[in-house]
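Take a look at the structure set out below.
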Amino acid sequence: DNALSSNSGVFGEDEEVTTILSVAPYKDGLTFSGTVTGAIMVWQGNNLERTVEAHTAGIISMYLGPDGLATASRDGTLRLWDTDLNVITDIRELRDGKEYGKEDMGLRSVCWQGKNVLAGSQDNQVFEFRVDGSTVTSTEALMRGDR
């Protein structure tokens with residue numbers, strides 16, 4: 001049966017209910033969600049297991065692949081995580097005089113495979129990054145759109 005069903009999340013006594021902006025299912029009933037406050041919530045079924053402070057603004061996009069979890073935030077940062085939520089790389093590159101990490105360069109999407117990371121921004125650009133350990137190299141915008 002492919003029907004969707006609704007369940008309420010169990011946040012526990014210490015957590016406040018918050019808006020979830022993005023979701024990435026993992027395995028064995030484990031799910032990651034990105035919140036409007038910039039936290040990553042780790043769920044087992046519908047029970048909140050833990051919360052990790054990840055960004056200073058909402059996590060608008062998450063991508064979970066074989067290499068780990070990638071998050072893109074409204075704060076303009078990209079972060080690559082292992083599946084235990086340890087930061088592998090924090091990407092804040094210069095692009096056209098704008099620095100990732102500032103409100104005016106908010107990211108909207110992310111994809112990560114191997115050493116390649118793609119990111120889409122709110123100002124209609126797609127960037128490519130090559131990540132090798134803590135070394136990040138970037139290319140010019142792959143695409144630019146008009147508003």
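Ligands are numbered from 1 in the order shown, chains are lettered A, B, ... in the order of the structure tokens, and residues start at 1 in each chain.
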
For this session: Write out as a PyMOL selection string the residues lying within 10 Å of Val23 (chain A), counting only C-alpha atoms and excluding same-chain residues fewer than 6 positions away.
Result: chain A and resi 31-35+40-41+59-64

For this session: Provide the CA of Gly29 (chain A) to CA of Asn47 (chain A) distance in Å, to one decimal place.
Result: 10.2 Å

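As for CA of Val36 (chain A) and CA of Ser121 (chain A), they are spaced 17.3 Å apart.
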
Problem set entry | Neighbour list for Ser109 (chain A) as a ChimeraX atom specification, cut-off 7 Å, only C-alpha atoms, skip fewer than 4 positions in-chain | /A:61,72,119-120

Exercise. Of the residues A:Thr89, A:Thr37, A:Thr83, A:Gln44, which is the one nearest to Pro66 (chain A), using only C-alpha atoms?
Worked result: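 Nearest candidate to Pro66 (chain A) out of A:Thr89, A:Thr37, A:Thr83, A:Gln44: A:Thr83.
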
Exercise. Just how far from CA of Thr51 (chain A) is CA of Phe129 (chain A), in Å to one decimal?
Worked result: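 CA of Thr51 (chain A) lies at a distance of 27.6 Å from CA of Phe129 (chain A).
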